[in-house]
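Colleague: The structure under discussion is supplied below as structure tokens; questions concerning it will follow.
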2 protein chains.
Amino acid sequence: MTPPADSVNSAANPTLEALGEDGVLARILARLPAPDPARVPVGPGDDAAVSRIEGRLVTTADMLVEGEDFLPAWCDPVRLGVKAAAQNLADVHAMGAAPHGLVISLGAPGTTPVDVLTGIMDGFAAEARRAGASVLGGDLSGGPCLIVSVTALGTLTGPAVLRSGARPGDAVVLAGTLGRAAAGLDLLLAGCAPEGAPADLAALIEVQRAPRPDYAAAATIAGSAHALIDASDGLAGDLGRVARASGVAAALDRDALTALAAPLVPAARALGDPDPAARALHWVLTGGEDHGFIATVDPGRIPVGWTRIGTCRAGDSGVSLDGEPVADTAFRHFTGDR
Amino acid sequence: MTPPADSVNSAANPTLEALGEDGVLARILARLPAPDPARVPVGPGDDAAVSRIEGRLVTTADMLVEGEDFLPAWCDPVRLGVKAAAQNLADVHAMGAAPHGLVISLGAPGTTPVDVLTGIMDGFAAEARRAGASVLGGDLSGGPCLIVSVTALGTLTGPAVLRSGARPGDAVVLAGTLGRAAAGLDLLLAGCAPEGAPADLAALIEVQRAPRPDYAAAATIAGSAHALIDASDGLAGDLGRVARASGVAAALDRDALTALAAPLVPAARALGDPDPAARALHWVLTGGEDHGFIATVDPGRIPVGWTRIGTCRAGDSGVSLDGEPVADTAFRHFTGDR
């Protein structure tokens with residue numbers, strides 16, 4: 001987030017206050033690809049954008065605040081833009097919907113170099129393009145810190161896949177990864193610099209900084225999943241939500257979790273953990289922000305790209321492993337309830 | 001924004017950090033009216049909300065940041081919620097669309113009493129109801145100050161009314177007010193407390209704190225307006241945008257502006273201005289945030305509820321009064337360009 005001092009407030013990279021709101025907006029709009037006029041007949045620039053929507057509309061929002069949801073020292077502007085887009089697009093897919101568009105509001109101090117905002121927009125637009133979504137516009141404000149507030153829109157032509165649809169006998173399946181972003185965060189907290197880190201550790205840090213959810217896998221299961229959720233708060237927390245909403249118990253499979261934890265053991269070892277396998281399993285069970293997708297389906301209908309990690313049973317005993325309940329220790333804002 | 005000390009972190013009004021994210025969310029969700037299931041089959045609470053949309057979709061966003069877009073001492077939580085909803089719903093109407101729903105992301109320090117957030121939601125939901133919009137969900141984060149970030153969605157069954165449609169010969173017409181919020185802001189800046197102020201001054205302060213746009217008037221003109229804009233940045237700025245986008249000149253009518261300025265003269269006098277009429281006219285020309293609507297129409301088709309304030313002419317000379325150009329001195333973030 002901190003460019004070299006000689007590039008700040010130069011002619012090429014002025015601060016927001018040197019450029020002024022209209023000048024900042026012009027630079028941001030210049031970075032956005034023009035939306036497809038068939039889907040978005042009026043793009044950014046008027047009072048509002050106009051879209052053509054097929055089917056029902058899906059809406060979700062997520063806000064990232066500097067110091068609270070990210071630290072600038074750990075996340076450059078482009079990766080921050082990717083992350084802001086990805087966490088919202090994942091929620092659209094978690095309803096069984098297809099992404100349509102993104103709306104973004106940015107807040108920043110006037111002393112911020114403009115390339116911080118254009119970098120965020122570059123990452124944001126790139127991840128939107130990867131998911132097939134258009135950037136529909138947004139707003140710009142001052143503020144005491146960086147704020148990236150996003151609303152994502154999707155379209156739903158089939159039924160919505162809710163958290164409440166899981167049935168006893170369903171297989172619990174995963175697309176994407178679990179625990180990598182949490183391991184990456186612990187590496188960053190321990191002072192591990194991504195540039196100098198071994199490739200296997202750097203890869204974990206990269207998931208923390210710029211998650212890349214497997215949108216294609218989520219689209220594959222939308223027609224057959226009974227329940228579907230984006231594991232943004234971790235396996236225990238989010239599968240727990242599915243179990244509670246559906247009135248089922250979810251029993252996790254130890255072998256599957258051990259396989260998911262294996263790539264995390266080197267990180268636990270690098271952190272000097274006396275029990276690296278246990279630490280790696282803990283990341284898999286409770287770490288969020290990979291934005292892996294968790295679904296429940298008929299065990300005979302598990303699509304390619306999905307891995308079985310457990311089974312739904314009758315009962316209301318939440319999420320368990322080897323018969324023991326798994327506690328949800330995911331991050332919550334304001335921290336008063338943990 | 002500051003409740004009596006004995007009510008803070010009491011059992012009835014705990015801080016966000018005492019209550020925790022899940023507890024705060026539960027209190028916020030409890031304040032929201034359940035949306036109409038025919039329009040919003042899945043409301044707040046799953047990964048995303050699901051809506052049925054008739055026609056094309058309109059999207060717009062506006063973010064309010066404490067210290068930048070509002071001061072807590074001047075704006076209680078309920079009014080802040082009204083303002084956040086109103087400025088977004090006005091933009092939906094400014095496209096000729098009907099409001100459908102609102103998405104809201106809130107950021108606040110953990111030491112904030114929860115009734116600040118529930119108050120914001122009460123005002124937000126009330127203004128949404130007045131406009132016929134549903135609250136579709138949102139997000140909650142920590143942060144160094146209050147942040148209210150909103151996306152508004154509307155539906156468009158007729159053509160979008162753009163800024164670029166004004167034609168030479170059109171009447172420039174207004175619904176709602178101009179300059180009242182700016183006069184109210186200057187009164188607040190001068191230390192005028194709304195509670196003790198005379199009724200005519202208090203009314204101006206109220207427009208600054210909780211604007212109530214004339215949505216019904218905007219809906220009345222959607223079918224006949226050639227251009228339509230929400231005057232959030234003031235008459236000179238926003239009519240200037242219409243003139244530039246349409247390639248016309250807009251000549252304002254002095255008698256109409258004098259009539260609009262008349263209710264503001266007492267405020268200019270209360271502020272000790274040596275030329276109260278000139279100050280009042282300045283507020284009308286450049287003050288934003290009343291969220292009055294400005295349209296251009298065929299002079300023979302001015303609907304009830306709209307007042308003629310000028311005429312569009314061939315040319316590109318911007319906005320003028322008595323043949324002199326009117327400068328746009330509206331507030332801009334980052335301030336570097338003024």
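In the structure tokens, each chain is lettered A, B, ... as it comes, each chain's residues begin at 1, and ligands are numbered from 1 in order of appearance.
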Counting only C-alpha atoms, which residues of chain A sit at most 7 Å from some atom of chain B, and what is each one's closest atom pair with its distance in Å to one decimal, listed by chain and rising residue number, as CSV?
Modeller:
```
residue,atom,partner,partner_atom,distance
A:Leu16,CA,B:Phe334,CA,6.0
A:Glu17,CA,B:Phe334,CA,4.3
A:Ala18,CA,B:Gly336,CA,4.7
A:Leu19,CA,B:Gly336,CA,5.8
A:Gly20,CA,B:Gly336,CA,4.5
A:Glu21,CA,B:His333,CA,5.3
A:Asp46,CA,B:Arg163,CA,6.7
A:Asp47,CA,B:Asp91,CA,5.5
A:Ala48,CA,B:Thr60,CA,4.7
A:Ala49,CA,B:Thr59,CA,5.3
A:Val50,CA,B:Val58,CA,4.6
A:Ser51,CA,B:Leu57,CA,4.9
A:Arg52,CA,B:Arg56,CA,5.0
A:Ile53,CA,B:Arg56,CA,6.5
A:Arg56,CA,B:Arg52,CA,5.0
A:Leu57,CA,B:Ser51,CA,4.9
A:Val58,CA,B:Val50,CA,4.6
A:Thr59,CA,B:Ala49,CA,5.3
A:Thr60,CA,B:Ala48,CA,4.7
A:Ala61,CA,B:Gly138,CA,5.1
A:Asp62,CA,B:Asp139,CA,5.4
A:Met63,CA,B:Ser105,CA,6.5
A:Val65,CA,B:Gly143,CA,6.1
A:Glu68,CA,B:Gly142,CA,6.0
A:Asp91,CA,B:Asp47,CA,5.5
A:Val92,CA,B:Ala48,CA,6.6
A:Ala94,CA,B:Asp47,CA,6.4
A:Met95,CA,B:Asp47,CA,6.5
A:Ser105,CA,B:Met63,CA,6.5
A:Gly110,CA,B:Phe334,CA,5.0
A:Gly138,CA,B:Ala61,CA,5.1
A:Asp139,CA,B:Asp62,CA,5.4
A:Ser141,CA,B:His333,CA,6.1
A:Gly142,CA,B:His333,CA,5.9
A:Gly143,CA,B:Val65,CA,6.1
A:Ser149,CA,B:Ser149,CA,6.8
A:Thr151,CA,B:Thr151,CA,6.8
A:Leu162,CA,B:Asp46,CA,6.8
A:Arg163,CA,B:Asp46,CA,6.7
A:Ile229,CA,B:Asp47,CA,6.9
A:Arg332,CA,B:Glu21,CA,5.9
A:His333,CA,B:Glu21,CA,5.3
A:Phe334,CA,B:Glu17,CA,4.4
A:Thr335,CA,B:Gly20,CA,5.6
A:Gly336,CA,B:Gly20,CA,4.4
A:Asp337,CA,B:Gly20,CA,4.6
```
Colleague: In terms of the shortest atom-to-atom distance over only C-alpha atoms, which of A:Pro35, A:Lys83, A:Ile28, A:Ala73 is closest to Met121 in chain A?
Modeller: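 Closest to Met121 in chain A, using only C-alpha atoms: A:Ile28.
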Colleague: Do you have the CA of Leu252 in chain A-CA of Val319 in chain A distance handy?
Modeller: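 Here the two named atoms are 7.2 Å from each other.
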Colleague: With only C-alpha atoms as the counted atoms, please give the residues lying no more than 12 Å from Ile221 in chain B, apart from itself and same-chain residues fewer than 3 positions off, as a PyMOL selection string.
Modeller: chain B and resi 93-97+158+161+173-175+214-218+224-229+293-298+301-307
Colleague: For a test of reading the model, state the distance in Å between CA of Leu321 in chain A and CA of Trp283 in chain A, rounded to one decimal.
Modeller: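 Answer for the CA of Leu321 in chain A to CA of Trp283 in chain A separation: 14.4 Å.
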Colleague: Find the spatial neighbours of Asp122 in chain B, counting only C-alpha atoms, within a cut-off of 9 Å - ignore same-chain residues fewer than 3 positions away - and output them as JSON, numbers by chain.
Modeller: {"B": [28, 31, 32, 77, 78, 81, 82, 117, 118, 119, 125, 126, 127]}
Colleague: Would you return as a PyMOL selection string the members of range 198-250 of chain A that DSSP assigns to strand (DSSP E) on this structure's backbone?
Modeller: chain A and resi 227-230+248-250
Colleague: Take the residues from that selection and write them out as a tab-separated table (two decimals), in the first residue's frame, keeping N, CA, C and O atoms.
Modeller:
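As written to disk, out_19.tsv reads:
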```
chain	number	residue	atom	x	y	z
A	227	ALA	N	-27.93	-28.05	-0.07
A	227	ALA	CA	-27.52	-26.85	0.68
A	227	ALA	C	-26.16	-26.45	0.14
A	227	ALA	O	-25.39	-27.29	-0.33
A	228	LEU	N	-25.85	-25.15	0.21
A	228	LEU	CA	-24.59	-24.64	-0.34
A	228	LEU	C	-24.23	-23.39	0.44
A	228	LEU	O	-25.09	-22.55	0.74
A	229	ILE	N	-22.94	-23.28	0.82
A	229	ILE	CA	-22.49	-22.11	1.57
A	229	ILE	C	-21.05	-21.82	1.18
A	229	ILE	O	-20.30	-22.72	0.80
A	230	ASP	N	-20.70	-20.54	1.26
A	230	ASP	CA	-19.33	-20.07	1.06
A	230	ASP	C	-18.66	-20.10	2.44
A	230	ASP	O	-19.13	-19.45	3.37
A	248	VAL	N	-30.04	-30.81	10.92
A	248	VAL	CA	-29.30	-32.07	10.79
A	248	VAL	C	-27.99	-31.96	11.59
A	248	VAL	O	-27.60	-30.87	12.01
A	249	ALA	N	-27.33	-33.09	11.78
A	249	ALA	CA	-25.98	-33.12	12.35
A	249	ALA	C	-25.00	-33.41	11.22
A	249	ALA	O	-25.33	-34.14	10.29
A	250	ALA	N	-23.80	-32.82	11.30
A	250	ALA	CA	-22.80	-33.03	10.25
A	250	ALA	C	-21.58	-33.70	10.86
A	250	ALA	O	-20.92	-33.12	11.72
```
Colleague: Extract, using only C-alpha atoms, all DNA, RNA and protein residues at most 8 Å from Leu257 in chain A, discarding same-chain residues fewer than 6 positions from it, and format them as a list of chain:residue names.
Modeller: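 The filter keeps A:Leu281, A:Val284, A:Ile309.
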Colleague: Set the distance at 10 Å and use only C-alpha atoms: which residues neighbour Leu71 in chain B once local chain neighbours fewer than 6 positions away are removed? I'd like the list as a list in words.
Modeller: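 The filter keeps Met1, Val65, Leu80, Leu146 and Arg209 of chain B.
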Colleague: Skip Val265 in chain A itself and residues of its chain fewer than 4 positions away, then list as a PyMOL selection string all residues within 9 Å of it, counting only C-alpha atoms.
Modeller: chain A and resi 261+269-270+276-281
Colleague: Kindly save the residues from that selection, with N, CA, C and O atoms included, as a compact mmCIF listing (two decimals), in the first residue's frame.
Modeller:
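The new file part-v5.txt reads:
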```
# COMPACT_ATOMS: atom_id res chain seq x y z
N ALA A 261 -5.37 -31.06 5.49
CA ALA A 261 -4.42 -30.42 6.40
C ALA A 261 -2.97 -30.62 5.97
O ALA A 261 -2.10 -29.81 6.33
N ARG A 269 4.96 -26.14 11.06
CA ARG A 269 6.34 -26.45 11.46
C ARG A 269 7.20 -25.18 11.41
O ARG A 269 7.98 -24.92 12.32
N ALA A 270 7.03 -24.38 10.35
CA ALA A 270 7.81 -23.14 10.22
C ALA A 270 7.51 -22.19 11.37
O ALA A 270 8.35 -21.39 11.77
N PRO A 276 2.58 -29.88 14.87
CA PRO A 276 2.21 -29.27 13.58
C PRO A 276 0.96 -29.88 12.96
O PRO A 276 0.16 -29.16 12.35
N ALA A 277 0.76 -31.19 13.12
CA ALA A 277 -0.42 -31.82 12.50
C ALA A 277 -1.70 -31.29 13.14
O ALA A 277 -2.71 -31.05 12.45
N ALA A 278 -1.68 -31.09 14.46
CA ALA A 278 -2.88 -30.58 15.15
C ALA A 278 -3.16 -29.14 14.73
O ALA A 278 -4.32 -28.75 14.51
N ARG A 279 -2.09 -28.33 14.62
CA ARG A 279 -2.28 -26.94 14.20
C ARG A 279 -2.86 -26.88 12.79
O ARG A 279 -3.78 -26.09 12.51
N ALA A 280 -2.35 -27.74 11.90
CA ALA A 280 -2.85 -27.76 10.52
C ALA A 280 -4.32 -28.16 10.49
O ALA A 280 -5.13 -27.57 9.76
N LEU A 281 -4.70 -29.16 11.29
CA LEU A 281 -6.10 -29.58 11.35
C LEU A 281 -6.98 -28.46 11.90
O LEU A 281 -8.11 -28.25 11.42
```
Colleague: Using only C-alpha atoms, which of A:Val207, A:Ala219, A:Ala183, A:Leu189 sits nearest Ala268 in chain A?
Modeller: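 Using only C-alpha atoms, Ala268 in chain A sits closest to A:Ala183.
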Colleague: DSSP says helix (DSSP H, G or I) for which residues of range 42-199 of chain B? Put them as an NGL selection string?
Modeller: :B and (72-74 or 77-93 or 114-131 or 163-165 or 180-189 or 199)
Colleague: Mind writing the picked residues with N, CA and C atoms as a short mmCIF file (atom, residue, chain, number, x, y, z; two decimals), in the first residue's frame?
Modeller:
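Once everything was written out, this is result_18.cif:
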```
data_model
loop_
_atom_site.label_atom_id
_atom_site.label_comp_id
_atom_site.auth_asym_id
_atom_site.auth_seq_id
_atom_site.Cartn_x
_atom_site.Cartn_y
_atom_site.Cartn_z
N PRO B 72 -21.40 13.43 13.89
CA PRO B 72 -22.35 12.81 14.82
C PRO B 72 -23.07 13.83 15.69
N ALA B 73 -22.38 14.93 16.05
CA ALA B 73 -23.02 15.90 16.94
C ALA B 73 -24.22 16.56 16.28
N TRP B 74 -24.27 16.55 14.95
CA TRP B 74 -25.34 17.23 14.23
C TRP B 74 -26.42 16.29 13.72
N PRO B 77 -28.70 9.09 15.17
CA PRO B 77 -28.68 7.87 14.36
C PRO B 77 -29.90 7.69 13.46
N VAL B 78 -31.10 7.98 13.97
CA VAL B 78 -32.30 7.77 13.15
C VAL B 78 -32.25 8.67 11.91
N ARG B 79 -31.90 9.94 12.10
CA ARG B 79 -31.83 10.85 10.94
C ARG B 79 -30.71 10.44 9.98
N LEU B 80 -29.61 9.94 10.53
CA LEU B 80 -28.52 9.49 9.66
C LEU B 80 -29.00 8.32 8.77
N GLY B 81 -29.80 7.44 9.36
CA GLY B 81 -30.36 6.33 8.58
C GLY B 81 -31.30 6.82 7.49
N VAL B 82 -32.13 7.82 7.84
CA VAL B 82 -33.03 8.43 6.84
C VAL B 82 -32.21 9.01 5.69
N LYS B 83 -31.16 9.75 6.03
CA LYS B 83 -30.34 10.44 5.02
C LYS B 83 -29.65 9.42 4.10
N ALA B 84 -29.11 8.35 4.71
CA ALA B 84 -28.41 7.34 3.90
C ALA B 84 -29.37 6.67 2.92
N ALA B 85 -30.60 6.40 3.35
CA ALA B 85 -31.58 5.80 2.45
C ALA B 85 -32.02 6.81 1.39
N ALA B 86 -32.32 8.04 1.82
CA ALA B 86 -32.91 9.04 0.92
C ALA B 86 -31.99 9.39 -0.23
N GLN B 87 -30.68 9.56 0.04
CA GLN B 87 -29.80 10.00 -1.03
C GLN B 87 -29.63 8.92 -2.09
N ASN B 88 -29.78 7.67 -1.69
CA ASN B 88 -29.71 6.57 -2.66
C ASN B 88 -31.03 6.39 -3.40
N LEU B 89 -32.15 6.48 -2.68
CA LEU B 89 -33.46 6.32 -3.32
C LEU B 89 -33.70 7.46 -4.32
N ALA B 90 -33.17 8.66 -4.02
CA ALA B 90 -33.31 9.79 -4.95
C ALA B 90 -32.60 9.47 -6.28
N ASP B 91 -31.44 8.82 -6.21
CA ASP B 91 -30.73 8.48 -7.45
C ASP B 91 -31.49 7.45 -8.28
N VAL B 92 -32.16 6.52 -7.60
CA VAL B 92 -33.00 5.55 -8.33
C VAL B 92 -34.10 6.28 -9.09
N HIS B 93 -34.79 7.20 -8.39
CA HIS B 93 -35.86 7.97 -9.05
C HIS B 93 -35.32 8.84 -10.17
N VAL B 114 -24.96 -0.08 21.02
CA VAL B 114 -25.70 -0.75 19.94
C VAL B 114 -26.89 0.08 19.46
N ASP B 115 -27.44 0.95 20.33
CA ASP B 115 -28.61 1.69 19.86
C ASP B 115 -28.26 2.74 18.80
N VAL B 116 -26.97 3.03 18.61
CA VAL B 116 -26.59 3.86 17.46
C VAL B 116 -26.91 3.09 16.17
N LEU B 117 -26.52 1.82 16.12
CA LEU B 117 -26.77 1.04 14.90
C LEU B 117 -28.26 0.71 14.73
N THR B 118 -28.94 0.37 15.80
CA THR B 118 -30.37 0.08 15.66
C THR B 118 -31.13 1.36 15.30
N GLY B 119 -30.66 2.51 15.80
CA GLY B 119 -31.28 3.78 15.41
C GLY B 119 -31.10 4.05 13.92
N ILE B 120 -29.88 3.84 13.42
CA ILE B 120 -29.64 4.01 11.98
C ILE B 120 -30.58 3.11 11.19
N MET B 121 -30.71 1.86 11.63
CA MET B 121 -31.57 0.92 10.89
C MET B 121 -33.03 1.34 10.96
N ASP B 122 -33.46 1.89 12.09
CA ASP B 122 -34.86 2.34 12.21
C ASP B 122 -35.14 3.46 11.20
N GLY B 123 -34.23 4.45 11.12
CA GLY B 123 -34.43 5.53 10.16
C GLY B 123 -34.34 5.04 8.73
N PHE B 124 -33.40 4.14 8.50
CA PHE B 124 -33.18 3.58 7.17
C PHE B 124 -34.43 2.82 6.69
N ALA B 125 -34.95 1.97 7.58
CA ALA B 125 -36.12 1.16 7.21
C ALA B 125 -37.35 2.04 7.03
N ALA B 126 -37.47 3.11 7.83
CA ALA B 126 -38.64 3.98 7.72
C ALA B 126 -38.62 4.71 6.37
N GLU B 127 -37.45 5.22 5.96
CA GLU B 127 -37.36 5.94 4.69
C GLU B 127 -37.54 4.95 3.52
N ALA B 128 -37.01 3.74 3.67
CA ALA B 128 -37.23 2.72 2.64
C ALA B 128 -38.73 2.46 2.46
N ARG B 129 -39.44 2.35 3.57
CA ARG B 129 -40.88 2.09 3.53
C ARG B 129 -41.60 3.25 2.85
N ARG B 130 -41.21 4.49 3.18
CA ARG B 130 -41.85 5.66 2.56
C ARG B 130 -41.69 5.63 1.04
N ALA B 131 -40.57 5.09 0.57
CA ALA B 131 -40.31 5.03 -0.88
C ALA B 131 -40.81 3.73 -1.51
N ARG B 163 -29.15 11.92 -18.20
CA ARG B 163 -28.77 13.32 -18.11
C ARG B 163 -28.63 13.93 -19.50
N SER B 164 -28.51 13.07 -20.48
CA SER B 164 -28.12 13.53 -21.82
C SER B 164 -29.30 13.82 -22.74
N GLY B 165 -30.54 13.81 -22.19
CA GLY B 165 -31.71 13.91 -23.08
C GLY B 165 -32.31 15.30 -23.22
N ARG B 180 -31.93 24.50 0.96
CA ARG B 180 -32.31 24.42 2.38
C ARG B 180 -31.27 23.66 3.21
N ALA B 181 -30.80 22.53 2.68
CA ALA B 181 -29.80 21.76 3.41
C ALA B 181 -28.51 22.57 3.57
N ALA B 182 -28.15 23.33 2.55
CA ALA B 182 -26.93 24.16 2.64
C ALA B 182 -27.10 25.25 3.68
N ALA B 183 -28.27 25.90 3.70
CA ALA B 183 -28.54 26.91 4.72
C ALA B 183 -28.50 26.27 6.11
N GLY B 184 -29.10 25.08 6.21
CA GLY B 184 -29.10 24.37 7.49
C GLY B 184 -27.68 24.04 7.94
N LEU B 185 -26.83 23.65 6.99
CA LEU B 185 -25.44 23.33 7.34
C LEU B 185 -24.72 24.58 7.85
N ASP B 186 -24.93 25.72 7.18
CA ASP B 186 -24.27 26.95 7.63
C ASP B 186 -24.77 27.36 9.02
N LEU B 187 -26.06 27.12 9.28
CA LEU B 187 -26.57 27.40 10.63
C LEU B 187 -25.89 26.50 11.66
N LEU B 188 -25.76 25.21 11.35
CA LEU B 188 -25.08 24.29 12.27
C LEU B 188 -23.62 24.70 12.47
N LEU B 189 -22.95 25.06 11.36
CA LEU B 189 -21.55 25.48 11.46
C LEU B 189 -21.41 26.72 12.34
N ALA B 199 -38.69 28.11 14.44
CA ALA B 199 -39.20 27.03 13.60
C ALA B 199 -38.70 27.12 12.16
#
```
Colleague: Provide the CA of Pro37 in chain B to CA of Ala314 in chain A distance in Å, to one decimal place.
Modeller: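 Interatomic distance, CA of Pro37 in chain B to CA of Ala314 in chain A: 29.7 Å.
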